[in-house]
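Have a look at protein.pdb below; it lists PDB, C-alpha atoms.
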```
ATOM      1  CA  MET Q  79      49.067  58.917 170.740  1.00  0.00           C
ATOM      2  CA  HIS Q  80      51.220  55.946 169.688  1.00  0.00           C
ATOM      3  CA  LYS Q  81      54.736  56.142 171.160  1.00  0.00           C
ATOM      4  CA  PHE Q  82      56.338  55.992 167.721  1.00  0.00           C
ATOM      5  CA  ALA Q  83      54.173  58.829 166.402  1.00  0.00           C
ATOM      6  CA  LEU Q  84      54.906  60.892 169.493  1.00  0.00           C
ATOM      7  CA  ARG Q  85      58.649  60.398 169.075  1.00  0.00           C
ATOM      8  CA  LEU Q  86      58.355  61.376 165.413  1.00  0.00           C
ATOM      9  CA  VAL Q  87      56.530  64.612 166.266  1.00  0.00           C
ATOM     10  CA  VAL Q  88      59.056  65.515 168.964  1.00  0.00           C
ATOM     11  CA  CYS Q  89      62.022  64.709 166.724  1.00  0.00           C
ATOM     12  CA  THR Q  90      60.694  66.728 163.799  1.00  0.00           C
ATOM     13  CA  THR Q  91      59.761  69.696 166.005  1.00  0.00           C
ATOM     14  CA  LEU Q  92      63.221  69.810 167.551  1.00  0.00           C
ATOM     15  CA  MET Q  93      64.853  69.693 164.136  1.00  0.00           C
ATOM     16  CA  LEU Q  94      62.630  72.503 162.849  1.00  0.00           C
ATOM     17  CA  LEU Q  95      63.538  74.656 165.842  1.00  0.00           C
ATOM     18  CA  THR Q  96      67.220  73.904 165.297  1.00  0.00           C
ATOM     19  CA  PHE Q  97      67.065  74.855 161.621  1.00  0.00           C
ATOM     20  CA  ALA Q  98      65.031  77.989 162.357  1.00  0.00           C
ATOM     21  CA  GLY Q  99      67.467  79.139 165.007  1.00  0.00           C
ATOM     22  CA  SER Q 100      70.620  78.500 163.036  1.00  0.00           C
ATOM     23  CA  SER Q 101      72.242  81.124 160.862  1.00  0.00           C
ATOM     24  CA  VAL Q 102      71.658  80.615 157.153  1.00  0.00           C
ATOM     25  CA  LYS Q 103      74.647  81.219 154.911  1.00  0.00           C
ATOM     26  CA  ALA Q 104      74.131  83.769 152.144  1.00  0.00           C
ATOM     27  CA  THR Q 105      74.869  82.781 148.570  1.00  0.00           C
ATOM     28  CA  ASP Q 106      75.874  84.896 145.588  1.00  0.00           C
ATOM     29  CA  LEU Q 107      73.288  84.832 142.834  1.00  0.00           C
ATOM     30  CA  TYR Q 108      75.503  87.211 140.847  1.00  0.00           C
ATOM     31  CA  ASN Q 109      79.027  88.345 141.661  1.00  0.00           C
ATOM     32  CA  THR Q 110      81.459  90.098 139.341  1.00  0.00           C
ATOM     33  CA  MET Q 111      83.038  92.307 141.998  1.00  0.00           C
ATOM     34  CA  GLY Q 112      86.454  90.723 141.604  1.00  0.00           C
ATOM     35  CA  GLN Q 113      86.568  91.195 137.829  1.00  0.00           C
ATOM     36  CA  SER Q 114      88.540  93.941 136.142  1.00  0.00           C
ATOM     37  CA  VAL Q 115      86.666  96.794 134.459  1.00  0.00           C
ATOM     38  CA  SER Q 116      87.176  96.519 130.705  1.00  0.00           C
ATOM     39  CA  SER Q 117      84.709  99.229 129.641  1.00  0.00           C
ATOM     40  CA  THR Q 118      82.208 101.656 131.108  1.00  0.00           C
ATOM     41  CA  GLN Q 119      78.470 102.240 130.970  1.00  0.00           C
ATOM     42  CA  LEU Q 120      76.984 105.726 131.342  1.00  0.00           C
ATOM     43  CA  LEU Q 121      74.442 106.364 134.089  1.00  0.00           C
ATOM     44  CA  LYS Q 122      72.283 109.439 133.459  1.00  0.00           C
ATOM     45  CA  ASP Q 123      68.827 110.739 134.290  1.00  0.00           C
ATOM     46  CA  SER Q 124      67.404 108.982 131.239  1.00  0.00           C
ATOM     47  CA  THR Q 125      70.015 106.254 130.698  1.00  0.00           C
ATOM     48  CA  TRP Q 126      69.507 103.275 132.963  1.00  0.00           C
ATOM     49  CA  THR Q 127      71.305  99.934 133.133  1.00  0.00           C
ATOM     50  CA  ALA Q 128      69.931  96.549 134.198  1.00  0.00           C
ATOM     51  CA  LEU Q 129      72.065  93.564 135.210  1.00  0.00           C
ATOM     52  CA  SER Q 130      70.487  90.153 134.752  1.00  0.00           C
ATOM     53  CA  PHE Q 131      70.618  87.331 137.284  1.00  0.00           C
ATOM     54  CA  MET Q 132      68.763  84.065 137.800  1.00  0.00           C
ATOM     55  CA  THR Q 133      67.724  82.040 140.823  1.00  0.00           C
ATOM     56  CA  SER Q 134      68.302  78.311 141.126  1.00  0.00           C
ATOM     57  CA  ALA Q 135      65.589  75.721 141.813  1.00  0.00           C
ATOM     58  CA  THR Q 136      65.219  77.063 145.368  1.00  0.00           C
ATOM     59  CA  ASP Q 137      63.124  79.920 146.746  1.00  0.00           C
ATOM     60  CA  PHE Q 138      65.416  82.766 147.834  1.00  0.00           C
ATOM     61  CA  THR Q 139      65.185  85.965 149.834  1.00  0.00           C
ATOM     62  CA  ILE Q 140      67.417  88.693 148.427  1.00  0.00           C
ATOM     63  CA  THR Q 141      69.506  90.225 151.224  1.00  0.00           C
ATOM     64  CA  GLY Q 142      71.925  92.631 149.562  1.00  0.00           C
ATOM     65  CA  VAL Q 143      73.040  94.382 146.387  1.00  0.00           C
ATOM     66  CA  THR Q 144      76.335  96.168 145.727  1.00  0.00           C
ATOM     67  CA  ILE Q 145      76.976  98.374 142.697  1.00  0.00           C
ATOM     68  CA  PRO Q 146      80.284 100.230 142.179  1.00  0.00           C
ATOM     69  CA  VAL Q 147      79.776 103.789 140.819  1.00  0.00           C
ATOM     70  CA  LYS Q 148      82.330 106.300 139.561  1.00  0.00           C
ATOM     71  CA  ASN Q 149      81.670 110.050 139.696  1.00  0.00           C
ATOM     72  CA  VAL Q 150      84.152 111.198 137.056  1.00  0.00           C
ATOM     73  CA  ILE Q 151      83.433 114.936 137.005  1.00  0.00           C
ATOM     74  CA  GLY Q 152      82.412 115.357 140.631  1.00  0.00           C
ATOM     75  CA  LEU Q 153      78.646 115.798 140.326  1.00  0.00           C
ATOM     76  CA  SER Q 154      77.073 116.855 143.613  1.00  0.00           C
ATOM     77  CA  VAL Q 155      73.320 116.818 142.965  1.00  0.00           C
ATOM     78  CA  GLY Q 156      70.800 114.085 142.261  1.00  0.00           C
ATOM     79  CA  ASN Q 157      70.426 110.500 143.394  1.00  0.00           C
ATOM     80  CA  VAL Q 158      71.238 106.960 142.333  1.00  0.00           C
ATOM     81  CA  GLN Q 159      68.469 104.381 142.688  1.00  0.00           C
ATOM     82  CA  VAL Q 160      68.666 100.590 142.636  1.00  0.00           C
ATOM     83  CA  SER Q 161      65.494  98.591 141.923  1.00  0.00           C
ATOM     84  CA  LEU Q 162      64.409  95.017 141.272  1.00  0.00           C
ATOM     85  CA  TYR Q 163      62.540  94.163 138.064  1.00  0.00           C
ATOM     86  CA  THR Q 164      61.037  91.012 136.629  1.00  0.00           C
ATOM     87  CA  GLY Q 165      62.810  89.556 133.604  1.00  0.00           C
ATOM     88  CA  ASP Q 166      59.768  88.430 131.665  1.00  0.00           C
ATOM     89  CA  GLY Q 167      59.590  91.265 129.142  1.00  0.00           C
ATOM     90  CA  THR Q 168      59.777  90.709 125.382  1.00  0.00           C
ATOM     91  CA  GLY Q 169      62.968  88.818 124.600  1.00  0.00           C
ATOM     92  CA  SER Q 170      63.652  88.408 128.344  1.00  0.00           C
ATOM     93  CA  ARG Q 171      64.009  92.164 128.785  1.00  0.00           C
ATOM     94  CA  PRO Q 172      63.288  93.932 132.097  1.00  0.00           C
ATOM     95  CA  ASN Q 173      59.550  94.262 132.567  1.00  0.00           C
ATOM     96  CA  ALA Q 174      57.811  95.244 135.802  1.00  0.00           C
ATOM     97  CA  LYS Q 175      59.313  96.888 138.864  1.00  0.00           C
ATOM     98  CA  ILE Q 176      58.927  94.825 142.033  1.00  0.00           C
ATOM     99  CA  GLY Q 177      57.887  96.931 145.015  1.00  0.00           C
ATOM    100  CA  SER Q 178      59.724 100.101 145.946  1.00  0.00           C
ATOM    101  CA  ASP Q 179      63.403 100.878 145.266  1.00  0.00           C
ATOM    102  CA  LEU Q 180      65.866  98.570 146.981  1.00  0.00           C
ATOM    103  CA  GLY Q 181      67.815 101.678 147.851  1.00  0.00           C
ATOM    104  CA  THR Q 182      68.555 105.278 146.932  1.00  0.00           C
ATOM    105  CA  THR Q 183      71.627 107.346 147.732  1.00  0.00           C
ATOM    106  CA  PRO Q 184      72.810 110.896 146.921  1.00  0.00           C
ATOM    107  CA  VAL Q 185      75.298 111.356 144.105  1.00  0.00           C
ATOM    108  CA  SER Q 186      77.392 113.513 146.447  1.00  0.00           C
ATOM    109  CA  GLY Q 187      78.345 110.341 148.316  1.00  0.00           C
ATOM    110  CA  PHE Q 188      80.492 109.274 145.353  1.00  0.00           C
ATOM    111  CA  ASN Q 189      83.092 111.919 145.995  1.00  0.00           C
ATOM    112  CA  ASN Q 190      86.271 110.377 144.565  1.00  0.00           C
ATOM    113  CA  SER Q 191      86.423 110.705 140.807  1.00  0.00           C
ATOM    114  CA  ALA Q 192      89.549 108.529 140.520  1.00  0.00           C
ATOM    115  CA  VAL Q 193      88.021 105.217 141.649  1.00  0.00           C
ATOM    116  CA  TYR Q 194      84.782 103.259 141.704  1.00  0.00           C
ATOM    117  CA  GLN Q 195      83.003 103.482 145.041  1.00  0.00           C
ATOM    118  CA  ASP Q 196      80.685 100.721 146.202  1.00  0.00           C
ATOM    119  CA  TYR Q 197      77.035 101.484 146.788  1.00  0.00           C
ATOM    120  CA  ALA Q 198      76.184  98.611 149.156  1.00  0.00           C
ATOM    121  CA  ILE Q 199      72.552  97.965 150.097  1.00  0.00           C
ATOM    122  CA  THR Q 200      72.104  95.497 152.964  1.00  0.00           C
ATOM    123  CA  GLY Q 201      69.288  94.230 155.158  1.00  0.00           C
ATOM    124  CA  LEU Q 202      66.959  93.515 152.242  1.00  0.00           C
ATOM    125  CA  ASN Q 203      64.126  90.997 152.550  1.00  0.00           C
ATOM    126  CA  VAL Q 204      62.564  90.426 149.142  1.00  0.00           C
ATOM    127  CA  THR Q 205      61.323  86.952 148.213  1.00  0.00           C
ATOM    128  CA  LEU Q 206      62.425  85.567 144.842  1.00  0.00           C
ATOM    129  CA  SER Q 207      60.834  82.677 142.970  1.00  0.00           C
ATOM    130  CA  PRO Q 208      62.892  79.614 141.976  1.00  0.00           C
ATOM    131  CA  SER Q 209      64.396  79.233 138.486  1.00  0.00           C
ATOM    132  CA  THR Q 210      63.405  82.783 137.540  1.00  0.00           C
ATOM    133  CA  LYS Q 211      65.214  85.602 135.740  1.00  0.00           C
ATOM    134  CA  TYR Q 212      65.347  89.023 137.397  1.00  0.00           C
ATOM    135  CA  TYR Q 213      67.080  92.344 136.802  1.00  0.00           C
ATOM    136  CA  VAL Q 214      68.730  94.801 139.156  1.00  0.00           C
ATOM    137  CA  VAL Q 215      68.105  98.192 137.560  1.00  0.00           C
ATOM    138  CA  ILE Q 216      70.481 101.069 138.306  1.00  0.00           C
ATOM    139  CA  SER Q 217      69.034 104.498 137.548  1.00  0.00           C
ATOM    140  CA  ALA Q 218      69.745 108.162 138.274  1.00  0.00           C
ATOM    141  CA  SER Q 219      67.533 111.175 138.858  1.00  0.00           C
ATOM    142  CA  GLY Q 220      68.098 114.887 139.224  1.00  0.00           C
ATOM    143  CA  ILE Q 221      71.746 114.927 138.144  1.00  0.00           C
ATOM    144  CA  GLY Q 222      71.105 117.171 135.143  1.00  0.00           C
ATOM    145  CA  SER Q 223      70.654 116.878 131.411  1.00  0.00           C
ATOM    146  CA  GLY Q 224      73.925 118.391 130.193  1.00  0.00           C
ATOM    147  CA  SER Q 225      76.391 116.511 128.030  1.00  0.00           C
ATOM    148  CA  GLN Q 226      78.695 116.061 131.032  1.00  0.00           C
ATOM    149  CA  ASP Q 227      76.017 115.102 133.554  1.00  0.00           C
ATOM    150  CA  PHE Q 228      76.668 111.388 133.952  1.00  0.00           C
ATOM    151  CA  LEU Q 229      78.182 108.754 136.206  1.00  0.00           C
ATOM    152  CA  TYR Q 230      80.023 105.570 135.270  1.00  0.00           C
ATOM    153  CA  LEU Q 231      79.192 101.921 135.916  1.00  0.00           C
ATOM    154  CA  GLY Q 232      81.870  99.314 135.292  1.00  0.00           C
ATOM    155  CA  LEU Q 233      81.590  96.514 132.729  1.00  0.00           C
ATOM    156  CA  HIS Q 234      83.812  93.481 132.337  1.00  0.00           C
ATOM    157  CA  SER Q 235      83.964  91.137 129.362  1.00  0.00           C
ATOM    158  CA  GLY Q 236      84.608  87.416 129.230  1.00  0.00           C
ATOM    159  CA  ALA Q 237      84.099  84.669 131.763  1.00  0.00           C
ATOM    160  CA  GLY Q 238      84.623  85.172 135.463  1.00  0.00           C
ATOM    161  CA  GLY Q 239      82.729  85.578 138.703  1.00  0.00           C
ATOM    162  CA  VAL Q 240      79.256  84.191 139.387  1.00  0.00           C
ATOM    163  CA  THR Q 241      77.002  84.781 136.371  1.00  0.00           C
ATOM    164  CA  THR Q 242      75.152  81.467 136.051  1.00  0.00           C
ATOM    165  CA  GLY Q 243      71.904  82.048 134.176  1.00  0.00           C
ATOM    166  CA  SER Q 244      72.652  85.731 133.613  1.00  0.00           C
ATOM    167  CA  LEU Q 245      71.783  87.225 130.228  1.00  0.00           C
ATOM    168  CA  GLY Q 246      74.324  89.994 130.735  1.00  0.00           C
ATOM    169  CA  TYR Q 247      72.913  93.512 130.796  1.00  0.00           C
ATOM    170  CA  SER Q 248      70.242  95.640 129.159  1.00  0.00           C
ATOM    171  CA  GLU Q 249      70.058  99.410 128.643  1.00  0.00           C
ATOM    172  CA  SER Q 250      67.247 101.953 128.528  1.00  0.00           C
ATOM    173  CA  THR Q 251      67.752 105.452 127.115  1.00  0.00           C
ATOM    174  CA  ASN Q 252      64.232 106.640 127.944  1.00  0.00           C
ATOM    175  CA  SER Q 253      64.012 106.171 131.720  1.00  0.00           C
ATOM    176  CA  GLY Q 254      62.872 102.570 131.572  1.00  0.00           C
ATOM    177  CA  SER Q 255      60.081 102.939 129.001  1.00  0.00           C
ATOM    178  CA  SER Q 256      61.836 100.451 126.728  1.00  0.00           C
ATOM    179  CA  TRP Q 257      64.948  98.290 126.921  1.00  0.00           C
ATOM    180  CA  THR Q 258      67.539  96.898 124.548  1.00  0.00           C
ATOM    181  CA  ALA Q 259      67.789  93.134 124.145  1.00  0.00           C
ATOM    182  CA  PRO Q 260      70.114  91.785 126.857  1.00  0.00           C
ATOM    183  CA  THR Q 261      73.670  91.054 125.790  1.00  0.00           C
ATOM    184  CA  ASP Q 262      76.250  88.850 127.479  1.00  0.00           C
ATOM    185  CA  SER Q 263      79.155  90.421 125.627  1.00  0.00           C
ATOM    186  CA  SER Q 264      79.833  92.219 128.906  1.00  0.00           C
ATOM    187  CA  TYR Q 265      78.594  92.027 132.493  1.00  0.00           C
ATOM    188  CA  VAL Q 266      77.916  94.879 134.907  1.00  0.00           C
ATOM    189  CA  VAL Q 267      80.312  94.804 137.836  1.00  0.00           C
ATOM    190  CA  GLY Q 268      78.147  94.144 140.877  1.00  0.00           C
ATOM    191  CA  LEU Q 269      76.919  91.733 143.533  1.00  0.00           C
ATOM    192  CA  VAL Q 270      73.531  90.199 144.411  1.00  0.00           C
ATOM    193  CA  THR Q 271      73.338  88.088 147.577  1.00  0.00           C
ATOM    194  CA  ALA Q 272      70.441  86.006 148.905  1.00  0.00           C
ATOM    195  CA  VAL Q 273      69.574  83.280 151.394  1.00  0.00           C
ATOM    196  CA  PRO Q 274      67.322  80.248 150.840  1.00  0.00           C
ATOM    197  CA  GLU Q 275      63.764  80.682 152.087  1.00  0.00           C
ATOM    198  CA  PRO Q 276      63.118  79.209 155.588  1.00  0.00           C
ATOM    199  CA  SER Q 277      60.539  76.858 154.059  1.00  0.00           C
ATOM    200  CA  THR Q 278      63.378  75.141 152.200  1.00  0.00           C
ATOM    201  CA  TYR Q 279      65.057  74.268 155.479  1.00  0.00           C
ATOM    202  CA  ALA Q 280      61.780  73.304 157.113  1.00  0.00           C
ATOM    203  CA  LEU Q 281      61.106  70.732 154.395  1.00  0.00           C
ATOM    204  CA  ALA Q 282      64.638  69.401 154.721  1.00  0.00           C
ATOM    205  CA  ALA Q 283      64.201  69.044 158.481  1.00  0.00           C
ATOM    206  CA  ILE Q 284      60.893  67.218 158.112  1.00  0.00           C
ATOM    207  CA  ALA Q 285      62.328  64.835 155.530  1.00  0.00           C
ATOM    208  CA  THR Q 286      65.395  64.141 157.657  1.00  0.00           C
ATOM    209  CA  GLY Q 287      63.240  63.572 160.722  1.00  0.00           C
ATOM    210  CA  LEU Q 288      61.012  61.083 158.911  1.00  0.00           C
ATOM    211  CA  ILE Q 289      63.949  59.149 157.460  1.00  0.00           C
ATOM    212  CA  THR Q 290      65.687  58.973 160.852  1.00  0.00           C
ATOM    213  CA  ALA Q 291      62.544  57.868 162.643  1.00  0.00           C
ATOM    214  CA  LEU Q 292      61.737  55.197 160.077  1.00  0.00           C
ATOM    215  CA  ALA Q 293      65.289  53.868 160.192  1.00  0.00           C
ATOM    216  CA  ARG Q 294      65.142  53.561 163.988  1.00  0.00           C
ATOM    217  CA  ARG Q 295      61.787  51.830 163.813  1.00  0.00           C
ATOM    218  CA  ARG Q 296      63.117  49.253 161.344  1.00  0.00           C
ATOM    219  CA  LYS Q 297      66.059  48.566 163.659  1.00  0.00           C
ATOM    220  CA  LEU Q 298      63.745  47.877 166.558  1.00  0.00           C
ATOM    221  CA  ALA Q 299      61.411  45.705 164.484  1.00  0.00           C
TER     222      ALA Q 299
END
```
Go through the file and emit its structure as structure tokens.
Amino acid sequence: MHKFALRLVVCTTLMLLTFAGSSVKATDLYNTMGQSVSSTQLLKDSTWTALSFMTSATDFTITGVTIPVKNVIGLSVGNVQVSLYTGDGTGSRPNAKIGSDLGTTPVSGFNNSAVYQDYAITGLNVTLSPSTKYYVVISASGIGSGSQDFLYLGLHSGAGGVTTGSLGYSESTNSGSSWTAPTDSSYVVGLVTAVPEPSTYALAAIATGLITALARRRKLA
């Protein structure tokens, strides 16, 4: 093998190993956690809420979701589920569920009716496509059908936080069979974190390696 080609292969391989071994910083695709709650959204067995977020021009792997929940009347039965849905329904509504639930937790864990308590789901590894709208759907099951059987999600109005590309939120009152058109008059208080796909860094390493090698070759010429 030509010496130049050999150097190029070695250089690129070392850079790929360096990128693969380094820690990748997570980014917020949606973050309204620091915003004040201006209104509330009911969470019931049949009433679900979906917060909209959008990826940038890069492939991402979703790593975590946090949703604050308030248990006003101290419910102790049932569960809260968090799921990922595509955003390609009619009018950019939630459409198809992606895989299994991102997480599920018992309602009894929200045991302080005076404040919102964070339901934080970490360690996720779900690949997202670039420049694509998605929804995080928050649902409940088994908490009862009485007039007082509900939890609260927080909403905030106006600008603030990370909501680039978000359509706001959508609501279903029939357990996800149909959804309202998304509205950005308010945003669900929550957080969606992700990291760029490793392939993104691999391509960057290859490109950098080629540019560096070519520059050195020109110097020597």
Legend entry - Of the listed residues Q:Ile216, Q:Ala104, Q:Ile140, Q:Leu202, that which approaches Q:Thr183 most closely, counting only C-alpha atoms: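 Answer, going by the shortest atom-to-atom distance: Q:Ile216.
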Legend entry - Expected selection from the PyMOL selection byres ((chain Q and resi 118) around 10), given as an MDAnalysis selection string: chainID Q and resid 115:117 119:121 148 229:234 264 266:267
Legend entry - the PyMOL selection byres ((chain Q and resi 188) around 9) resolved against shown file, as number ranges by chain: Q: 147-149, 152-154, 184-187, 189-191, 194-197
Inset, instruction - To verify the selection step, state as a PyMOL selection string which residues the PyMOL selection byres ((chain Q and resi 126) around 12) yields on this input. - result: chain Q and resi 119-125+127-129+158-161+172+213-219+228-231+247-258
Legend entry - atom CA of Q:Gly167 to atom CA of Q:Ser130, distance in Å rounded to a single decimal: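 Rounded to one decimal, the two atoms are 12.3 Å apart.
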Legend entry - Selected residue, from Q:Leu269, Q:Leu107, Q:Ser263, Q:Arg171, that lies nearest to Q:Ala135 when counting all atoms listed in the file: Q:Leu107
Inset, instruction - Could you check how far atom CA of Q:Ser225 sits from atom CA of Q:Tyr163, in Å to one decimal? - result: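 Pair atom CA of Q:Ser225 / atom CA of Q:Tyr163 returns 28.1 Å.
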Inset, instruction - Work out how far apart atom CA of Q:Gly142 and atom CA of Q:Thr168 are and give it in Å to one decimal. - result: 27.1 Å
Inset, instruction - List the neighbours of Q:Val240 out to 10 Å using all atoms listed in the file; skip same-chain residues closer than 2 positions along the sequence, and give me the result as a VMD selection string. - result: chain Q and resid 106 to 112 131 237 to 238 242 to 244 269 to 270
Inset, instruction - Could you tell me which of Q:Ala259, Q:Ile145, Q:Ala174, Q:Val155 comes closest to Q:Ser223 if we count only C-alpha atoms? - result: Q:Val155
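In this comparison, which uses all atoms listed in the file, the residue of Q:Ser207, Q:Gln113, Q:Thr144, Q:Asn157 approaching Q:Pro274 most closely is Q:Ser207.
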Inset, instruction - For Q:Val204, list every protein, DNA or RNA residue within 10 Å, evaluated using all atoms listed in the file, and leave out those in the same chain fewer than 4 positions away; present the list as a PyMOL selection string. - result: chain Q and resi 138-142+162+176-177+180+272
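With distances restricted to all atoms listed in the file, Q:Gly169 is the closest residue to Q:Thr261 from Q:Gly224, Q:Gly201, Q:Gly169, Q:Gly239.
Closest approach to Q:Ser114 among Q:Ser209, Q:Thr241, Q:Thr271, Q:Ser235: Q:Ser235, based on all atoms listed in the file.
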